[in-house]
file model-v5.cif (mmCIF, C-alpha atoms and all ligand atoms)
data_query
loop_
_atom_site.group_PDB
_atom_site.id
_atom_site.type_symbol
_atom_site.label_atom_id
_atom_site.label_comp_id
_atom_site.auth_asym_id
_atom_site.auth_seq_id
_atom_site.Cartn_x
_atom_site.Cartn_y
_atom_site.Cartn_z
ATOM 1 C CA MET A 1 -13.928 1.824 23.125
ATOM 2 C CA SER A 2 -16.374 2.136 20.274
ATOM 3 C CA GLU A 3 -19.845 0.643 20.559
ATOM 4 C CA VAL A 4 -19.207 -1.363 17.425
ATOM 5 C CA LYS A 5 -17.533 -4.658 18.192
ATOM 6 C CA PRO A 6 -14.280 -5.003 16.265
ATOM 7 C CA VAL A 7 -14.169 -7.976 13.926
ATOM 8 C CA SER A 8 -10.737 -8.812 15.288
ATOM 9 C CA GLN A 9 -9.941 -8.051 18.912
ATOM 10 C CA LYS A 10 -6.268 -8.851 18.571
ATOM 11 C CA LEU A 11 -3.593 -6.180 18.594
ATOM 12 C CA PRO A 12 -1.454 -6.212 15.473
ATOM 13 C CA ASP A 13 2.283 -5.997 16.043
ATOM 14 C CA TYR A 14 2.699 -3.236 13.495
ATOM 15 C CA GLY A 15 2.340 0.488 13.662
ATOM 16 C CA THR A 16 -0.890 1.400 15.391
ATOM 17 C CA LEU A 17 -1.033 3.698 18.411
ATOM 18 C CA THR A 18 2.457 4.979 17.703
ATOM 19 C CA ASP A 19 3.665 8.451 16.864
ATOM 20 C CA GLU A 20 5.048 7.295 13.516
ATOM 21 C CA ILE A 21 3.576 7.616 10.047
ATOM 22 C CA THR A 22 5.141 5.033 7.745
ATOM 23 C CA ILE A 23 5.596 5.896 4.084
ATOM 24 C CA PHE A 24 5.186 3.143 1.479
ATOM 25 C CA ALA A 25 6.633 4.811 -1.615
ATOM 26 C CA GLY A 26 7.913 3.467 -4.898
ATOM 27 C CA PRO A 27 7.064 2.920 -8.528
ATOM 28 C CA CYS A 28 3.703 1.590 -9.660
ATOM 29 C CA SER A 29 5.549 -1.152 -11.577
ATOM 30 C CA VAL A 30 9.101 -2.390 -11.246
ATOM 31 C CA GLU A 31 10.425 -1.824 -14.765
ATOM 32 C CA SER A 32 14.202 -2.343 -14.489
ATOM 33 C CA GLU A 33 16.985 -2.487 -11.937
ATOM 34 C CA ALA A 34 18.066 1.073 -12.788
ATOM 35 C CA GLN A 35 14.523 2.444 -12.450
ATOM 36 C CA PHE A 36 13.889 0.673 -9.147
ATOM 37 C CA ASN A 37 17.258 1.545 -7.623
ATOM 38 C CA GLU A 38 16.949 5.227 -8.502
ATOM 39 C CA VAL A 39 13.736 5.403 -6.483
ATOM 40 C CA ALA A 40 15.247 3.252 -3.711
ATOM 41 C CA GLU A 41 18.207 5.605 -3.406
ATOM 42 C CA CYS A 42 15.866 8.589 -3.025
ATOM 43 C CA ILE A 43 13.710 6.835 -0.396
ATOM 44 C CA ALA A 44 16.747 5.718 1.615
ATOM 45 C CA SER A 45 18.320 9.201 1.431
ATOM 46 C CA LEU A 46 15.169 10.578 3.091
ATOM 47 C CA GLY A 47 15.546 8.164 6.004
ATOM 48 C CA LEU A 48 12.404 6.224 5.082
ATOM 49 C CA HIS A 49 12.152 2.444 5.481
ATOM 50 C CA TRP A 50 9.903 0.866 2.861
ATOM 51 C CA ILE A 51 9.771 0.669 -0.932
ATOM 52 C CA ARG A 52 6.791 -0.573 -2.899
ATOM 53 C CA GLY A 53 6.688 -1.794 -6.485
ATOM 54 C CA GLY A 54 4.447 -3.925 -8.673
ATOM 55 C CA ALA A 55 5.745 -7.233 -10.027
ATOM 56 C CA PHE A 56 2.375 -8.691 -11.038
ATOM 57 C CA LYS A 57 0.068 -5.912 -12.220
ATOM 58 C CA PRO A 58 -3.742 -6.114 -12.191
ATOM 59 C CA ARG A 59 -4.322 -4.247 -15.471
ATOM 60 C CA THR A 60 -7.797 -3.469 -16.755
ATOM 61 C CA ASN A 61 -6.683 -4.338 -20.288
ATOM 62 C CA PRO A 62 -4.740 -7.560 -21.026
ATOM 63 C CA HIS A 63 -2.703 -5.716 -23.669
ATOM 64 C CA SER A 64 -1.245 -3.354 -21.041
ATOM 65 C CA PHE A 65 2.085 -4.058 -19.304
ATOM 66 C CA GLN A 66 1.504 -6.968 -16.912
ATOM 67 C CA GLY A 67 4.646 -6.588 -14.778
ATOM 68 C CA LEU A 68 8.026 -8.347 -14.907
ATOM 69 C CA GLY A 69 6.917 -11.110 -12.532
ATOM 70 C CA GLU A 70 9.680 -12.996 -10.737
ATOM 71 C CA GLU A 71 12.370 -10.844 -12.363
ATOM 72 C CA ALA A 72 10.800 -7.823 -10.612
ATOM 73 C CA LEU A 73 10.894 -9.672 -7.302
ATOM 74 C CA GLN A 74 14.617 -10.331 -7.786
ATOM 75 C CA ILE A 75 15.208 -6.650 -8.552
ATOM 76 C CA MET A 76 13.250 -5.696 -5.424
ATOM 77 C CA LYS A 77 15.147 -8.117 -3.195
ATOM 78 C CA ALA A 78 18.547 -6.945 -4.444
ATOM 79 C CA GLY A 79 17.596 -3.244 -4.335
ATOM 80 C CA GLY A 80 16.009 -3.545 -0.900
ATOM 81 C CA ASP A 81 19.167 -5.212 0.448
ATOM 82 C CA LYS A 82 21.434 -2.661 -1.244
ATOM 83 C CA TYR A 83 19.615 0.385 0.161
ATOM 84 C CA GLY A 84 18.496 -1.122 3.474
ATOM 85 C CA LEU A 85 14.782 -0.883 2.637
ATOM 86 C CA LYS A 86 11.903 -3.243 3.304
ATOM 87 C CA THR A 87 9.952 -4.241 0.214
ATOM 88 C CA LEU A 88 6.223 -4.398 -0.470
ATOM 89 C CA THR A 89 4.551 -5.909 -3.536
ATOM 90 C CA GLU A 90 1.136 -7.092 -4.637
ATOM 91 C CA VAL A 91 0.353 -10.784 -4.824
ATOM 92 C CA MET A 92 -2.388 -11.337 -7.396
ATOM 93 C CA ASP A 93 -2.679 -15.107 -7.640
ATOM 94 C CA SER A 94 -2.905 -17.865 -5.039
ATOM 95 C CA GLU A 95 -0.308 -19.857 -6.958
ATOM 96 C CA HIS A 96 2.251 -17.038 -6.485
ATOM 97 C CA CYS A 97 1.866 -16.633 -2.713
ATOM 98 C CA GLU A 98 4.870 -18.712 -1.681
ATOM 99 C CA MET A 99 7.153 -17.291 -4.337
ATOM 100 C CA VAL A 100 6.232 -13.670 -3.580
ATOM 101 C CA HIS A 101 6.507 -14.347 0.159
ATOM 102 C CA SER A 102 10.040 -15.687 -0.310
ATOM 103 C CA TYR A 103 11.298 -12.409 -1.867
ATOM 104 C CA VAL A 104 9.629 -9.497 -0.044
ATOM 105 C CA ASP A 105 8.929 -8.142 3.446
ATOM 106 C CA GLY A 106 5.304 -7.180 2.897
ATOM 107 C CA LEU A 107 2.508 -8.595 0.730
ATOM 108 C CA GLN A 108 -0.138 -6.341 -0.767
ATOM 109 C CA VAL A 109 -3.682 -7.408 -1.618
ATOM 110 C CA GLY A 110 -4.975 -5.130 -4.379
ATOM 111 C CA ALA A 111 -8.406 -3.538 -4.550
ATOM 112 C CA ARG A 112 -9.494 -5.968 -7.265
ATOM 113 C CA ASN A 113 -8.840 -8.953 -4.996
ATOM 114 C CA PHE A 114 -10.668 -7.514 -1.975
ATOM 115 C CA GLN A 115 -13.066 -10.466 -1.826
ATOM 116 C CA ASN A 116 -10.911 -13.130 -3.449
ATOM 117 C CA PHE A 117 -11.261 -15.310 -0.372
ATOM 118 C CA SER A 118 -9.104 -18.169 -1.641
ATOM 119 C CA LEU A 119 -6.235 -15.696 -2.201
ATOM 120 C CA LEU A 120 -6.769 -14.224 1.280
ATOM 121 C CA LYS A 121 -6.712 -17.724 2.828
ATOM 122 C CA ASN A 122 -3.503 -18.577 0.979
ATOM 123 C CA ILE A 123 -1.846 -15.361 2.170
ATOM 124 C CA SER A 124 -2.948 -16.270 5.677
ATOM 125 C CA LYS A 125 -1.236 -19.659 5.335
ATOM 126 C CA VAL A 126 2.053 -18.411 3.870
ATOM 127 C CA THR A 127 2.465 -15.640 6.472
ATOM 128 C CA LYS A 128 1.410 -17.841 9.406
ATOM 129 C CA ASP A 129 4.946 -18.271 10.791
ATOM 130 C CA SER A 130 6.769 -15.298 9.267
ATOM 131 C CA HIS A 131 4.150 -12.729 10.387
ATOM 132 C CA LYS A 132 5.134 -10.636 7.387
ATOM 133 C CA MET A 133 3.030 -7.512 6.945
ATOM 134 C CA VAL A 134 -0.044 -7.816 4.731
ATOM 135 C CA LEU A 135 -1.271 -4.507 3.305
ATOM 136 C CA PHE A 136 -4.935 -5.071 2.522
ATOM 137 C CA LYS A 137 -6.513 -2.576 0.130
ATOM 138 C CA ARG A 138 -10.190 -1.806 0.267
ATOM 139 C CA GLY A 139 -12.143 -2.768 -2.842
ATOM 140 C CA PHE A 140 -13.472 0.259 -4.699
ATOM 141 C CA ALA A 141 -17.060 -0.862 -4.039
ATOM 142 C CA GLY A 142 -16.481 -2.454 -0.632
ATOM 143 C CA THR A 143 -18.025 -1.337 2.639
ATOM 144 C CA ILE A 144 -15.958 -1.013 5.788
ATOM 145 C CA ALA A 145 -17.920 -3.893 7.349
ATOM 146 C CA GLU A 146 -17.031 -6.127 4.364
ATOM 147 C CA TRP A 147 -13.413 -5.003 4.592
ATOM 148 C CA LEU A 148 -13.084 -5.890 8.280
ATOM 149 C CA ALA A 149 -14.884 -9.195 7.762
ATOM 150 C CA ALA A 150 -12.525 -10.100 4.888
ATOM 151 C CA THR A 151 -9.528 -9.184 7.073
ATOM 152 C CA ASP A 152 -10.348 -12.169 9.254
ATOM 153 C CA TYR A 153 -9.550 -14.464 6.279
ATOM 154 C CA ILE A 154 -6.016 -13.029 6.313
ATOM 155 C CA THR A 155 -5.533 -13.294 10.075
ATOM 156 C CA MET A 156 -7.228 -16.677 10.580
ATOM 157 C CA ALA A 157 -4.021 -18.731 10.513
ATOM 158 C CA GLY A 158 -2.388 -16.516 13.154
ATOM 159 C CA ASN A 159 -0.764 -13.491 11.470
ATOM 160 C CA ASP A 160 -2.260 -10.248 12.834
ATOM 161 C CA ASN A 161 0.282 -8.046 11.088
ATOM 162 C CA VAL A 162 -2.242 -6.435 8.753
ATOM 163 C CA VAL A 163 -2.344 -2.840 7.560
ATOM 164 C CA LEU A 164 -5.630 -1.743 6.000
ATOM 165 C CA CYS A 165 -5.318 0.613 3.035
ATOM 166 C CA GLU A 166 -7.975 3.036 1.806
ATOM 167 C CA ARG A 167 -7.373 3.736 -1.903
ATOM 168 C CA GLY A 168 -10.569 5.439 -3.097
ATOM 169 C CA LEU A 169 -14.015 4.320 -4.140
ATOM 170 C CA ARG A 170 -15.854 4.257 -7.462
ATOM 171 C CA THR A 171 -18.539 6.959 -7.345
ATOM 172 C CA PHE A 172 -20.397 9.156 -9.852
ATOM 173 C CA GLU A 173 -17.501 11.654 -9.679
ATOM 174 C CA THR A 174 -15.131 11.701 -12.638
ATOM 175 C CA ALA A 175 -12.910 14.679 -11.729
ATOM 176 C CA THR A 176 -10.667 12.306 -9.782
ATOM 177 C CA ARG A 177 -9.765 8.722 -10.656
ATOM 178 C CA PHE A 178 -11.478 7.439 -7.493
ATOM 179 C CA THR A 179 -13.185 9.212 -4.580
ATOM 180 C CA LEU A 180 -10.916 9.010 -1.532
ATOM 181 C CA ASP A 181 -12.959 8.040 1.523
ATOM 182 C CA ILE A 182 -10.924 9.964 4.075
ATOM 183 C CA SER A 183 -13.582 9.200 6.711
ATOM 184 C CA ALA A 184 -12.508 5.564 6.546
ATOM 185 C CA VAL A 185 -9.472 6.475 8.683
ATOM 186 C CA PRO A 186 -11.299 7.496 11.884
ATOM 187 C CA VAL A 187 -13.950 4.819 11.298
ATOM 188 C CA ILE A 188 -11.281 2.098 11.085
ATOM 189 C CA HIS A 189 -9.636 3.470 14.223
ATOM 190 C CA LYS A 190 -12.986 3.329 15.971
ATOM 191 C CA GLN A 191 -13.977 -0.118 14.788
ATOM 192 C CA SER A 192 -10.699 -2.034 14.730
ATOM 193 C CA LEU A 193 -7.200 -2.159 16.122
ATOM 194 C CA TYR A 194 -5.490 -2.277 12.734
ATOM 195 C CA PRO A 195 -3.311 0.529 11.436
ATOM 196 C CA ILE A 196 -4.691 2.305 8.408
ATOM 197 C CA CYS A 197 -2.779 3.464 5.342
ATOM 198 C CA VAL A 198 -4.052 6.026 2.865
ATOM 199 C CA ASP A 199 -2.977 5.486 -0.748
ATOM 200 C CA VAL A 200 -2.935 9.040 -2.117
ATOM 201 C CA SER A 201 -1.828 8.213 -5.679
ATOM 202 C CA HIS A 202 -4.569 5.936 -7.038
ATOM 203 C CA PRO A 203 -7.540 8.124 -5.986
ATOM 204 C CA ALA A 204 -5.785 11.237 -7.338
ATOM 205 C CA GLY A 205 -4.978 9.796 -10.749
ATOM 206 C CA VAL A 206 -2.905 12.909 -11.498
ATOM 207 C CA ARG A 207 0.209 14.030 -9.669
ATOM 208 C CA ASP A 208 -0.791 17.604 -8.857
ATOM 209 C CA LEU A 209 -3.552 16.347 -6.521
ATOM 210 C CA VAL A 210 -1.232 14.020 -4.594
ATOM 211 C CA PRO A 211 0.254 16.563 -2.111
ATOM 212 C CA ALA A 212 -3.183 17.788 -0.956
ATOM 213 C CA LEU A 213 -4.409 14.225 -0.369
ATOM 214 C CA ALA A 214 -1.194 13.389 1.496
ATOM 215 C CA ARG A 215 -1.663 16.404 3.769
ATOM 216 C CA ALA A 216 -5.224 15.258 4.408
ATOM 217 C CA ALA A 217 -3.976 11.766 5.285
ATOM 218 C CA VAL A 218 -1.583 13.169 7.900
ATOM 219 C CA ALA A 219 -4.227 15.475 9.347
ATOM 220 C CA VAL A 220 -6.914 12.782 9.549
ATOM 221 C CA GLY A 221 -4.639 10.475 11.551
ATOM 222 C CA ALA A 222 -3.450 7.900 9.007
ATOM 223 C CA ASP A 223 -0.822 5.472 10.317
ATOM 224 C CA SER A 224 0.817 5.190 6.928
ATOM 225 C CA ILE A 225 0.685 6.734 3.460
ATOM 226 C CA MET A 226 1.281 5.131 0.064
ATOM 227 C CA ILE A 227 2.776 7.324 -2.682
ATOM 228 C CA GLU A 228 3.868 6.263 -6.187
ATOM 229 C CA VAL A 229 7.267 7.590 -7.327
ATOM 230 C CA HIS A 230 8.964 7.089 -10.708
ATOM 231 C CA PRO A 231 12.270 8.512 -12.024
ATOM 232 C CA ASN A 232 10.595 9.518 -15.308
ATOM 233 C CA PRO A 233 6.788 9.414 -14.979
ATOM 234 C CA PRO A 234 5.989 10.222 -18.656
ATOM 235 C CA ALA A 235 7.867 7.038 -19.626
ATOM 236 C CA ALA A 236 6.245 4.853 -16.931
ATOM 237 C CA LEU A 237 4.729 1.560 -18.100
ATOM 238 C CA SER A 238 1.751 2.030 -15.733
ATOM 239 C CA ASP A 239 0.130 4.933 -13.883
ATOM 240 C CA GLY A 240 2.494 7.583 -15.305
ATOM 241 C CA PRO A 241 0.181 10.597 -14.755
ATOM 242 C CA GLN A 242 -0.067 10.083 -10.986
ATOM 243 C CA GLN A 243 3.545 9.262 -10.129
ATOM 244 C CA LEU A 244 5.813 11.868 -8.523
ATOM 245 C CA THR A 245 9.409 12.394 -9.575
ATOM 246 C CA PRO A 246 12.019 11.807 -6.854
ATOM 247 C CA ALA A 247 12.428 15.613 -6.563
ATOM 248 C CA GLN A 248 8.677 16.154 -6.126
ATOM 249 C CA PHE A 249 8.546 13.293 -3.622
ATOM 250 C CA THR A 250 11.446 14.772 -1.649
ATOM 251 C CA ASP A 251 9.659 18.142 -1.435
ATOM 252 C CA LEU A 252 6.447 16.440 -0.329
ATOM 253 C CA ILE A 253 8.170 14.442 2.424
ATOM 254 C CA THR A 254 9.828 17.631 3.685
ATOM 255 C CA GLU A 255 6.422 19.303 3.832
ATOM 256 C CA LEU A 256 4.702 16.293 5.446
ATOM 257 C CA ARG A 257 7.407 16.150 8.132
ATOM 258 C CA GLU A 258 6.572 19.712 9.171
ATOM 259 C CA LEU A 259 2.867 18.944 9.192
ATOM 260 C CA ALA A 260 3.287 15.677 11.103
ATOM 261 C CA ALA A 261 5.268 17.528 13.782
ATOM 262 C CA VAL A 262 2.180 19.653 14.465
ATOM 263 C CA PHE A 263 0.443 16.428 15.503
ATOM 264 C CA GLY A 264 3.444 15.205 17.486
ATOM 265 C CA LYS A 265 4.212 12.564 14.857
ATOM 266 C CA LYS A 266 7.231 11.527 12.808
ATOM 267 C CA ILE A 267 7.339 10.489 9.161
ATOM 268 C CA VAL A 268 9.389 7.313 8.780
HETATM 269 C C1 LIG A 301 -1.146 -0.545 -6.872
HETATM 270 O O1 LIG A 301 -0.950 -0.257 -5.673
HETATM 271 O O2 LIG A 301 -0.261 -0.493 -7.736
HETATM 272 C C2 LIG A 301 -2.514 -0.925 -7.308
HETATM 273 C C3 LIG A 301 -2.710 -1.593 -8.437
HETATM 274 O O3 LIG A 301 -3.459 -0.495 -6.481
HETATM 275 P P1 LIG A 301 -5.032 -0.806 -6.394
HETATM 276 O O4 LIG A 301 -5.164 -2.273 -6.111
HETATM 277 O O5 LIG A 301 -5.457 0.058 -5.239
HETATM 278 O O6 LIG A 301 -5.648 -0.374 -7.697
HETATM 279 MN MN MN A 302 -0.351 2.075 -9.645
#

call {"tool": "encode", "arguments": {"input": "model-v5.cif", "output": "structure tokens"}}
result
Amino acid sequence: MSEVKPVSQKLPDYGTLTDEITIFAGPCSVESEAQFNEVAECIASLGLHWIRGGAFKPRTNPHSFQGLGEEALQIMKAGGDKYGLKTLTEVMDSEHCEMVHSYVDGLQVGARNFQNFSLLKNISKVTKDSHKMVLFKRGFAGTIAEWLAATDYITMAGNDNVVLCERGLRTFETATRFTLDISAVPVIHKQSLYPICVDVSHPAGVRDLVPALARAAVAVGADSIMIEVHPNPPAALSDGPQQLTPAQFTDLITELRELAAVFGKKIV
């Protein structure tokens, strides 16, 4: 046991202390049924279980693509059912919690809502009985202590099914989009009982850095890895430069499976 007292002492019912590394892959934004289903088909063909996709997008600029909203959720539900995949999407606003919860299997809290406590409390309420997974991203200027404290807002109504997600910090460095705090993985394991995901796409910002960060995530002991995949990244409506094609993603999963085996783990 670590000397630092975990904020939450409860064991989540998802993922941790297992020999599996769960992949949360999919497009940054859900753009159309054809786009989403092409990625879903690839993910399912690799024997993976989850697909991610943005329906409500937290864009820096209000003139950028904001997401298809409920239409995206319908596409995700239908595509998830068709390909036998669980679905994960970001909920940005308190007023959307129930609607988003009714369509998907997992709710994501984005980095920009890390300390939006009213949103966290609403997510806690809507997942109270369903115990749907909540993937909680670290804010890009948030400490680990603040992250674990905020997690208690999500679990307070009774759902412990939280996955923490490190997605990179804002630092002085500009060579990458964000600075991936890989040390967060062992620190979270030491200080909490929650599984930890490493988002390797948003800190990279460009696709050629993604495989190296994904290898690092496996080696450091991540419980899950988030990777953005798009059928045609140059045409993507958000985050084109960092998204992998299905072929690149397939090669990466093949490579990660070999690496995971070294650690006695399986990629699922
Ligand atoms: C995303 O996962 O699409 C996203 C917007 O991530 P973040 O909140 O980490 O920027
Ligand atoms: Mn993105």

call {"tool": "closest_residue", "arguments": {"input": "model-v5.cif", "among": "A:Val268, A:Cys197, A:Val206, A:Leu256", "to": "Lys137 (chain A)", "atoms": "only C-alpha atoms"}}
result
A:Cys197

call {"tool": "residues_around", "arguments": {"input": "model-v5.cif", "residues": "region 21-28 of chain A", "least_positions_apart": "4", "cutoff": "9 Å", "atoms": "only C-alpha atoms", "output": "PyMOL selection string"}}
result
chain A and resi 15+35-36+39-40+43+48-54+57+87-88+197+199+218+221-231+236-240+243+249+260+265-268

call {"tool": "closest_atom_pairs", "arguments": {"input": "model-v5.cif", "of": "chain A", "to": "ligand LIG 301 (chain A)", "cutoff": "6 Å", "atoms": "all atoms listed in the file", "output": "tab-separated table"}}
result
residue	atom	partner	partner_atom	distance
A:Cys28	CA	A:LIG301	O2	4.9
A:Gly54	CA	A:LIG301	O2	5.9
A:Pro58	CA	A:LIG301	C3	6.0
A:Gly110	CA	A:LIG301	O4	3.3
A:Ala111	CA	A:LIG301	O4	3.8
A:Arg112	CA	A:LIG301	O4	5.8
A:Arg167	CA	A:LIG301	O5	5.3

call {"tool": "resolve_selection", "arguments": {"input": "model-v5.cif", "expression": "the PyMOL selection byres (((chain A and resi 69) around 9) and not hetatm)", "output": "JSON, numbers by chain"}}
result
{"A": [54, 55, 56, 57, 66, 67, 68, 70, 71, 72, 73]}

call {"tool": "closest_residue", "arguments": {"input": "model-v5.cif", "among": "A:His189, A:Arg207, A:Lys86, A:Lys77", "to": "ligand MN 302 (chain A)", "atoms": "all atoms listed in the file"}}
result
A:Arg207

call {"tool": "resolve_selection", "arguments": {"input": "model-v5.cif", "expression": "the PyMOL selection byres (((chain A and resi 148-152) around 8) and not hetatm)", "output": "PyMOL selection string"}}
result
chain A and resi 7-8+114-115+117+120+136+144-147+153-156+162+192

call {"tool": "residues_around", "arguments": {"input": "model-v5.cif", "residues": "Ser102 (chain A)", "least_positions_apart": "3", "cutoff": "12 Å", "atoms": "all atoms listed in the file", "output": "number ranges by chain"}}
result
A: 70, 73-74, 76-77, 87-89, 91, 96-99, 105-107, 126-127, 130, 132

call {"tool": "atom_distance", "arguments": {"input": "model-v5.cif", "atom1": "CA of Leu244 (chain A)", "atom2": "CA of Ser29 (chain A)"}}
result
13.4 Å

call {"tool": "atom_distance", "arguments": {"input": "model-v5.cif", "atom1": "CA of Asn159 (chain A)", "atom2": "CA of Val134 (chain A)"}}
result
8.8 Å

call {"tool": "closest_residue", "arguments": {"input": "model-v5.cif", "among": "A:Ile253, A:Val187, A:Val30, A:Val109", "to": "Cys42 (chain A)", "atoms": "only C-alpha atoms"}}
result
A:Ile253

call {"tool": "closest_residue", "arguments": {"input": "model-v5.cif", "among": "A:Pro195, A:Tyr103, A:Ile123, A:Ala216", "to": "Ile182 (chain A)", "atoms": "all atoms listed in the file"}}
result
A:Ala216

call {"tool": "atom_distance", "arguments": {"input": "model-v5.cif", "atom1": "CA of Ile75 (chain A)", "atom2": "CA of Val104 (chain A)"}}
result
10.6 Å

call {"tool": "closest_residue", "arguments": {"input": "model-v5.cif", "among": "A:Ala78, A:Phe140, A:His202, A:Thr176", "to": "ligand MN 302 (chain A)", "atoms": "only C-alpha atoms and all ligand atoms"}}
result
A:His202

call {"tool": "closest_residue", "arguments": {"input": "model-v5.cif", "among": "A:Leu193, A:Val200, A:Ala175, A:Val163", "to": "ligand MN 302 (chain A)", "atoms": "only C-alpha atoms and all ligand atoms"}}
result
A:Val200
